[in-house]
>>> print(open('start.cif').read())   # mmCIF, C-alpha atoms
data_work
loop_
_atom_site.label_atom_id
_atom_site.label_comp_id
_atom_site.auth_asym_id
_atom_site.auth_seq_id
_atom_site.Cartn_x
_atom_site.Cartn_y
_atom_site.Cartn_z
CA MET A 1 16.38 -18.38 120.39
CA TYR A 2 18.65 -21.42 120.21
CA ARG A 3 17.83 -24.65 122.05
CA LEU A 4 20.36 -27.31 123.00
CA VAL A 5 19.29 -30.63 124.52
CA LEU A 6 21.77 -32.80 126.42
CA VAL A 7 20.75 -36.37 127.24
CA ARG A 8 22.75 -38.84 129.28
CA HIS A 9 22.17 -42.29 127.78
CA GLY A 10 19.53 -44.54 129.30
CA GLU A 11 20.47 -47.08 131.95
CA SER A 12 23.07 -49.53 130.64
CA GLU A 13 23.55 -53.15 131.67
CA TRP A 14 26.55 -52.09 133.76
CA ASN A 15 24.64 -49.18 135.31
CA LYS A 16 22.14 -51.80 136.44
CA GLU A 17 24.97 -53.91 137.87
CA ASN A 18 26.62 -50.84 139.46
CA ARG A 19 29.88 -51.30 137.53
CA PHE A 20 32.41 -48.73 136.35
CA THR A 21 31.88 -48.53 132.59
CA GLY A 22 33.98 -45.74 131.06
CA TRP A 23 34.94 -46.55 127.46
CA THR A 24 33.67 -50.15 127.68
CA ASP A 25 31.00 -50.59 125.02
CA VAL A 26 28.02 -51.80 127.04
CA ALA A 27 24.44 -52.06 125.76
CA LEU A 28 21.35 -50.43 127.22
CA SER A 29 19.22 -52.40 129.67
CA ASP A 30 15.51 -52.84 129.02
CA LYS A 31 14.92 -50.01 131.48
CA GLY A 32 17.41 -47.86 129.57
CA ARG A 33 15.54 -48.40 126.32
CA GLU A 34 12.31 -47.38 128.01
CA GLU A 35 14.00 -44.27 129.41
CA ALA A 36 15.16 -43.30 125.91
CA LYS A 37 11.69 -43.94 124.49
CA GLU A 38 10.12 -41.74 127.18
CA ALA A 39 12.69 -39.01 126.49
CA GLY A 40 11.70 -39.04 122.82
CA LYS A 41 8.03 -38.74 123.70
CA LYS A 42 8.67 -35.80 126.04
CA LEU A 43 10.77 -33.98 123.45
CA LEU A 44 8.09 -34.50 120.79
CA GLU A 45 5.36 -33.26 123.13
CA ALA A 46 7.48 -30.21 124.01
CA GLY A 47 7.69 -29.26 120.34
CA PHE A 48 11.36 -29.89 119.66
CA ASN A 49 12.38 -30.25 116.02
CA PHE A 50 16.09 -30.96 115.87
CA LYS A 51 18.16 -30.33 112.79
CA TYR A 52 21.41 -32.03 113.81
CA CYS A 53 22.61 -34.62 116.33
CA TYR A 54 25.81 -35.57 118.13
CA THR A 55 26.75 -38.68 120.04
CA SER A 56 29.80 -40.66 121.16
CA TYR A 57 31.44 -43.82 119.79
CA LEU A 58 29.72 -45.94 122.46
CA LYS A 59 26.54 -47.87 121.67
CA ARG A 60 24.66 -47.01 124.86
CA ALA A 61 24.67 -43.36 123.73
CA ILE A 62 24.14 -44.17 120.04
CA THR A 63 21.18 -46.44 120.82
CA THR A 64 19.66 -43.84 123.15
CA LEU A 65 19.84 -41.22 120.39
CA ASN A 66 18.35 -43.60 117.80
CA ILE A 67 15.41 -44.49 120.04
CA ILE A 68 14.74 -40.81 120.77
CA LEU A 69 14.85 -39.94 117.07
CA GLU A 70 12.57 -42.85 116.19
CA GLU A 71 9.98 -41.65 118.72
CA MET A 72 10.19 -38.19 117.14
CA ASN A 73 10.07 -39.48 113.54
CA LEU A 74 13.49 -37.92 112.99
CA LEU A 75 15.66 -40.96 112.25
CA TRP A 76 16.62 -39.37 108.95
CA LEU A 77 18.55 -36.55 110.67
CA PRO A 78 22.34 -36.29 110.24
CA VAL A 79 24.24 -37.70 113.23
CA GLU A 80 27.88 -36.95 113.98
CA LYS A 81 29.78 -39.38 116.20
CA THR A 82 32.94 -38.36 118.03
CA TRP A 83 35.23 -40.00 120.58
CA ARG A 84 35.40 -36.63 122.32
CA LEU A 85 31.89 -37.23 123.69
CA ASN A 86 32.88 -40.59 125.19
CA GLU A 87 32.51 -41.15 128.92
CA LYS A 88 35.45 -40.48 131.24
CA HIS A 89 37.94 -43.34 131.01
CA TYR A 90 38.03 -45.17 134.35
CA GLY A 91 41.27 -47.07 133.72
CA THR A 92 41.62 -50.38 135.61
CA LEU A 93 38.33 -49.75 137.44
CA GLN A 94 36.33 -50.49 134.29
CA GLY A 95 34.19 -53.57 134.86
CA LEU A 96 34.49 -53.48 138.66
CA ASN A 97 31.46 -53.18 140.93
CA LYS A 98 31.41 -49.76 142.59
CA SER A 99 30.21 -50.93 146.00
CA GLU A 100 32.73 -53.80 146.13
CA THR A 101 35.50 -51.43 145.07
CA ALA A 102 34.47 -49.07 147.88
CA LYS A 103 34.79 -51.92 150.38
CA GLN A 104 38.26 -52.75 149.07
CA TYR A 105 39.73 -49.25 148.75
CA GLY A 106 37.41 -47.22 150.99
CA ALA A 107 34.45 -45.04 150.05
CA ASP A 108 36.54 -41.84 150.15
CA GLN A 109 39.08 -43.18 147.64
CA VAL A 110 36.35 -44.41 145.28
CA GLN A 111 34.60 -41.05 145.55
CA LEU A 112 37.86 -39.37 144.53
CA TRP A 113 38.17 -41.63 141.50
CA ARG A 114 34.52 -41.12 140.56
CA ARG A 115 33.93 -37.45 141.26
CA SER A 116 37.12 -35.49 141.92
CA TYR A 117 38.16 -32.94 139.34
CA ASP A 118 41.78 -33.95 138.80
CA VAL A 119 42.43 -37.38 140.41
CA ARG A 120 42.76 -40.20 137.86
CA PRO A 121 41.93 -43.85 138.56
CA PRO A 122 44.78 -46.38 138.10
CA ALA A 123 45.82 -46.53 134.44
CA LEU A 124 45.52 -49.46 132.06
CA ASP A 125 48.64 -51.02 130.62
CA GLU A 126 48.87 -50.79 126.83
CA SER A 127 48.84 -54.60 126.66
CA ASP A 128 45.43 -54.67 128.34
CA PRO A 129 42.68 -55.50 125.80
CA ARG A 130 40.55 -52.75 127.40
CA HIS A 131 43.06 -50.07 126.34
CA PRO A 132 41.73 -47.92 123.44
CA ILE A 133 44.85 -48.53 121.35
CA ASN A 134 43.60 -52.12 121.01
CA ASP A 135 40.15 -51.04 119.81
CA PRO A 136 39.74 -50.61 116.02
CA ARG A 137 37.36 -47.65 116.37
CA TYR A 138 40.16 -45.46 117.76
CA GLN A 139 42.92 -46.56 115.41
CA GLY A 140 43.80 -44.01 112.77
CA ILE A 141 42.54 -41.05 114.82
CA ASN A 142 45.48 -38.69 114.94
CA GLU A 143 44.25 -36.43 117.72
CA PRO A 144 45.75 -35.80 121.17
CA GLY A 145 44.07 -37.75 123.95
CA CYS A 146 42.12 -40.14 121.70
CA ALA A 147 43.50 -43.25 123.43
CA PRO A 148 43.67 -42.57 127.18
CA ALA A 149 44.71 -45.23 129.69
CA THR A 150 42.75 -43.35 132.37
CA GLU A 151 41.17 -39.91 132.84
CA ALA A 152 40.13 -37.45 135.49
CA LEU A 153 37.13 -35.20 134.91
CA LYS A 154 39.62 -32.45 134.06
CA ASP A 155 40.95 -34.54 131.15
CA THR A 156 37.44 -35.28 129.90
CA ILE A 157 36.56 -31.58 129.93
CA GLU A 158 39.77 -30.66 128.12
CA ARG A 159 38.87 -32.98 125.24
CA ILE A 160 35.21 -31.99 124.94
CA LEU A 161 35.45 -28.18 125.22
CA PRO A 162 37.41 -27.63 121.98
CA PHE A 163 34.75 -29.67 120.16
CA TRP A 164 31.96 -27.67 121.78
CA LYS A 165 33.55 -24.41 120.66
CA SER A 166 34.57 -25.50 117.15
CA ASP A 167 31.59 -27.68 116.23
CA ILE A 168 28.53 -28.03 118.48
CA SER A 169 28.05 -24.35 119.36
CA LYS A 170 28.48 -23.29 115.73
CA LYS A 171 26.07 -25.94 114.49
CA LEU A 172 23.57 -24.81 117.11
CA GLN A 173 23.73 -21.25 115.79
CA GLN A 174 23.30 -22.50 112.21
CA GLU A 175 20.42 -24.89 112.85
CA GLY A 176 18.62 -23.51 115.93
CA GLU A 177 18.06 -26.84 117.72
CA VAL A 178 20.64 -29.55 118.38
CA ILE A 179 20.59 -32.70 120.52
CA VAL A 180 23.64 -34.32 122.12
CA ALA A 181 23.30 -37.87 123.50
CA ALA A 182 26.37 -38.78 125.49
CA HIS A 183 27.57 -39.62 128.99
CA GLY A 184 27.56 -38.27 132.53
CA ASN A 185 31.07 -36.87 132.55
CA SER A 186 31.39 -35.63 128.97
CA LEU A 187 28.08 -33.79 129.40
CA ARG A 188 29.21 -32.41 132.76
CA GLY A 189 32.11 -30.82 130.90
CA ILE A 190 29.74 -28.93 128.59
CA ILE A 191 27.45 -27.98 131.49
CA LYS A 192 30.37 -26.74 133.57
CA TYR A 193 31.36 -24.41 130.75
CA LEU A 194 27.85 -23.19 129.92
CA LYS A 195 26.91 -22.45 133.55
CA ASN A 196 30.39 -21.36 134.66
CA ILE A 197 30.45 -23.95 137.45
CA SER A 198 33.61 -24.07 139.57
CA ASP A 199 35.99 -27.04 139.65
CA THR A 200 34.75 -27.76 143.18
CA ASP A 201 31.02 -27.47 142.56
CA ILE A 202 30.98 -29.58 139.37
CA ILE A 203 31.90 -32.59 141.52
CA SER A 204 28.42 -32.61 143.09
CA LEU A 205 26.50 -32.51 139.77
CA ASN A 206 25.04 -35.97 139.11
CA LEU A 207 23.16 -36.36 135.84
CA PRO A 208 20.25 -38.83 135.75
CA THR A 209 19.99 -41.27 132.86
CA GLY A 210 17.53 -40.62 130.05
CA ILE A 211 16.22 -37.22 131.19
CA PRO A 212 16.52 -34.45 128.55
CA TYR A 213 18.32 -31.37 129.89
CA VAL A 214 17.39 -28.24 127.91
CA PHE A 215 19.50 -25.10 127.48
CA GLU A 216 18.01 -22.00 125.87
CA PHE A 217 20.20 -19.21 124.47
CA ASP A 218 19.42 -15.75 123.10
CA GLU A 219 20.59 -14.52 119.68
CA ASN A 220 24.02 -13.71 121.16
CA MET A 221 24.40 -17.27 122.54
CA LYS A 222 23.95 -16.04 126.09
CA LEU A 223 22.37 -18.70 128.29
CA VAL A 224 18.83 -17.62 129.20
CA LYS A 225 17.61 -20.66 131.15
CA ASP A 226 18.14 -24.37 131.63
CA TYR A 227 15.76 -27.07 132.84
CA PHE A 228 15.08 -30.82 132.82
CA LEU A 229 12.04 -32.23 131.03
CA ALA A 230 10.86 -33.90 134.24
CA ASP A 231 9.36 -32.77 137.51
CA GLU A 232 11.77 -31.45 140.12
CA GLU A 233 11.15 -34.23 142.67
CA THR A 234 11.83 -36.98 140.12
CA VAL A 235 15.08 -35.35 138.99
CA LYS A 236 16.20 -34.92 142.62
CA LYS A 237 15.62 -38.61 143.43
CA LEU A 238 17.41 -39.77 140.29
CA MET A 239 20.39 -37.50 141.01
CA GLU A 240 20.62 -38.87 144.55
CA ALA A 241 20.60 -42.42 143.19
CA VAL A 242 23.55 -41.61 140.91
CA ALA A 243 25.45 -39.97 143.78
CA ASN A 244 24.99 -43.08 145.95
CA GLN A 245 26.31 -45.60 143.42
CA GLY A 246 29.80 -45.65 144.90
CA LYS A 247 28.63 -46.21 148.47
#
>>> encode(input="start.cif", output="structure tokens")
Amino acid sequence: MYRLVLVRHGESEWNKENRFTGWTDVALSDKGREEAKEAGKKLLEAGFNFKYCYTSYLKRAITTLNIILEEMNLLWLPVEKTWRLNEKHYGTLQGLNKSETAKQYGADQVQLWRRSYDVRPPALDESDPRHPINDPRYQGINEPGCAPATEALKDTIERILPFWKSDISKKLQQEGEVIVAAHGNSLRGIIKYLKNISDTDIISLNLPTGIPYVFEFDENMKLVKDYFLADEETVKKLMEAVANQGK
């Protein structure tokens, strides 16, 4: 059996302030650090023993992974960082309050920008300091899509799936247990593929912060079951809270 754990980073400072974050490099809040610590404890209690780790280029995901590994006494594990696991790029919305943006543009329009499959938020100009071409961590990466001015969920999925197929899934088969600490939309791309969720239905999947999501596969990499390491009522409430952020 192979076990994959996906963890959306703990609450960030901009999650707390209800802002669009995207590729902006925002730190975890105190609550987010506690969420990551609790995730590590639950994974240790459940008997996980990871051999390899993946995360994004953004510190809220990196810090979440480090806290989890520290709780599990696994800080020595190899960690691979990739821009492909970054959050969806929200273009000019990055930094804006979601509720205030809904008042300005209407809740329906904001919901389209947040959760539609193929509608992109307004794009950043290349002269904008928030554009990835002005960030040193993305300079020198000669890969398509590594410096987006905006993205829809469709774009995020198209950049993460090749990496899942070429790297994460193969490493999982080699090592048996792998953890991926990333973001709501990049993880939704992996989940959509693993569970064969339609373009329409993936819109309604809202991942809570800091809750490990476990996927178990048989020897042929066929998905056997998936579950959160939290009680059903807690997960439901946290998902509803994420869904209501743009209202």
>>> resolve_selection(input="start.cif", expression="the PyMOL selection byres ((chain A and resi 166-180) around 8)", output="list in words")
Met1, Tyr2, Arg3, Leu4, Val5, Leu6, Val7, Phe48, Asn49, Phe50, Lys51, Tyr52, Cys53, Tyr54, Thr55, Pro162, Phe163, Trp164, Lys165, Ala181, Ala182 and Met221 of chain A
>>> resolve_selection(input="start.cif", expression="the PyMOL selection byres ((chain A and resi 108-114) around 12)", output="ChimeraX atom specification")
/A:19-22,87-94,96-107,115-123,150-154,184-185,203-206,242-247
>>> closest_residue(input="start.cif", among="A:Asn66, A:Thr24, A:Thr200, A:Asn73", to="Asp135 in chain A", atoms="all atoms listed in the file")
A:Thr24
>>> resolve_selection(input="start.cif", expression="the PyMOL selection byres ((chain A and resi 189) around 10)", output="list in words")
Leu85, Leu153, Lys154, Asp155, Thr156, Ile157, Glu158, Arg159, Ile160, Leu161, Trp164, Gly184, Asn185, Ser186, Leu187, Arg188, Ile190, Ile191, Lys192, Tyr193, Leu194, Ile197 and Ile202 of chain A
>>> closest_residue(input="start.cif", among="A:His9, A:His131, A:His183, A:Lys41", to="Asn86 in chain A", atoms="all atoms listed in the file")
A:His183
>>> atom_distance(input="start.cif", atom1="CA of Arg137 in chain A", atom2="CA of Trp83 in chain A")
9.0 Å
>>> closest_residue(input="start.cif", among="A:Lys237, A:Leu124, A:Ala230, A:Gly47", to="Gly210 in chain A", atoms="all atoms listed in the file")
A:Ala230
>>> atom_distance(input="start.cif", atom1="CA of Glu80 in chain A", atom2="CA of Asn196 in chain A")
26.0 Å
>>> atom_distance(input="start.cif", atom1="CA of Pro129 in chain A", atom2="CA of Lys31 in chain A")
28.9 Å
>>> decode(input="start.cif", residues="range 127-153 of chain A", atoms="N, CA and C atoms", output="short mmCIF file (atom, residue, chain, number, x, y, z; two decimals), in the first residue's frame")
data_model
loop_
_atom_site.label_atom_id
_atom_site.label_comp_id
_atom_site.auth_asym_id
_atom_site.auth_seq_id
_atom_site.Cartn_x
_atom_site.Cartn_y
_atom_site.Cartn_z
N SER A 127 5.20 45.46 -15.29
CA SER A 127 5.90 46.47 -14.50
C SER A 127 5.49 46.44 -13.03
N ASP A 128 4.44 45.69 -12.72
CA ASP A 128 3.96 45.61 -11.34
C ASP A 128 4.96 44.80 -10.51
N PRO A 129 5.38 45.32 -9.35
CA PRO A 129 6.34 44.56 -8.52
C PRO A 129 5.83 43.21 -8.07
N ARG A 130 4.49 43.00 -8.11
CA ARG A 130 3.92 41.71 -7.71
C ARG A 130 4.06 40.65 -8.79
N HIS A 131 4.42 41.06 -10.02
CA HIS A 131 4.54 40.09 -11.12
C HIS A 131 5.75 39.18 -10.87
N PRO A 132 5.59 37.85 -11.09
CA PRO A 132 6.69 36.91 -10.82
C PRO A 132 7.99 37.19 -11.58
N ILE A 133 7.92 37.88 -12.71
CA ILE A 133 9.16 38.16 -13.43
C ILE A 133 10.05 39.12 -12.65
N ASN A 134 9.47 39.79 -11.66
CA ASN A 134 10.24 40.71 -10.82
C ASN A 134 10.66 40.09 -9.50
N ASP A 135 10.46 38.79 -9.36
CA ASP A 135 10.80 38.07 -8.14
C ASP A 135 12.00 37.17 -8.42
N PRO A 136 13.09 37.31 -7.68
CA PRO A 136 14.31 36.54 -7.98
C PRO A 136 14.13 35.02 -7.92
N ARG A 137 13.16 34.53 -7.16
CA ARG A 137 13.03 33.07 -7.03
C ARG A 137 12.54 32.42 -8.33
N TYR A 138 11.94 33.21 -9.23
CA TYR A 138 11.43 32.64 -10.48
C TYR A 138 12.31 32.97 -11.68
N GLN A 139 13.33 33.75 -11.47
CA GLN A 139 14.23 34.09 -12.56
C GLN A 139 15.18 32.93 -12.82
N GLY A 140 15.38 32.64 -14.08
CA GLY A 140 16.25 31.53 -14.44
C GLY A 140 15.52 30.20 -14.58
N ILE A 141 14.21 30.18 -14.29
CA ILE A 141 13.43 28.96 -14.50
C ILE A 141 12.90 28.97 -15.93
N ASN A 142 13.42 28.12 -16.74
CA ASN A 142 13.03 28.10 -18.15
C ASN A 142 11.97 27.03 -18.38
N GLU A 143 10.79 27.27 -17.79
CA GLU A 143 9.68 26.35 -17.94
C GLU A 143 8.41 27.12 -18.27
N PRO A 144 7.58 26.60 -19.17
CA PRO A 144 6.34 27.30 -19.52
C PRO A 144 5.45 27.54 -18.31
N GLY A 145 4.92 28.76 -18.20
CA GLY A 145 3.97 29.06 -17.15
C GLY A 145 4.56 29.43 -15.82
N CYS A 146 5.90 29.56 -15.71
CA CYS A 146 6.52 29.79 -14.41
C CYS A 146 6.41 31.23 -13.94
N ALA A 147 5.90 32.13 -14.77
CA ALA A 147 5.75 33.53 -14.37
C ALA A 147 4.40 34.07 -14.83
N PRO A 148 3.30 33.53 -14.31
CA PRO A 148 1.98 33.97 -14.77
C PRO A 148 1.61 35.35 -14.23
N ALA A 149 0.83 36.09 -15.02
CA ALA A 149 0.30 37.38 -14.58
C ALA A 149 -1.06 37.19 -13.92
N THR A 150 -1.68 36.05 -14.15
CA THR A 150 -2.94 35.64 -13.55
C THR A 150 -3.18 34.19 -13.93
N GLU A 151 -4.05 33.50 -13.21
CA GLU A 151 -4.38 32.11 -13.53
C GLU A 151 -5.82 31.79 -13.17
N ALA A 152 -6.41 30.91 -13.95
CA ALA A 152 -7.64 30.22 -13.56
C ALA A 152 -7.24 28.88 -12.95
N LEU A 153 -8.19 28.22 -12.33
CA LEU A 153 -7.91 26.89 -11.77
C LEU A 153 -7.39 25.96 -12.86
#
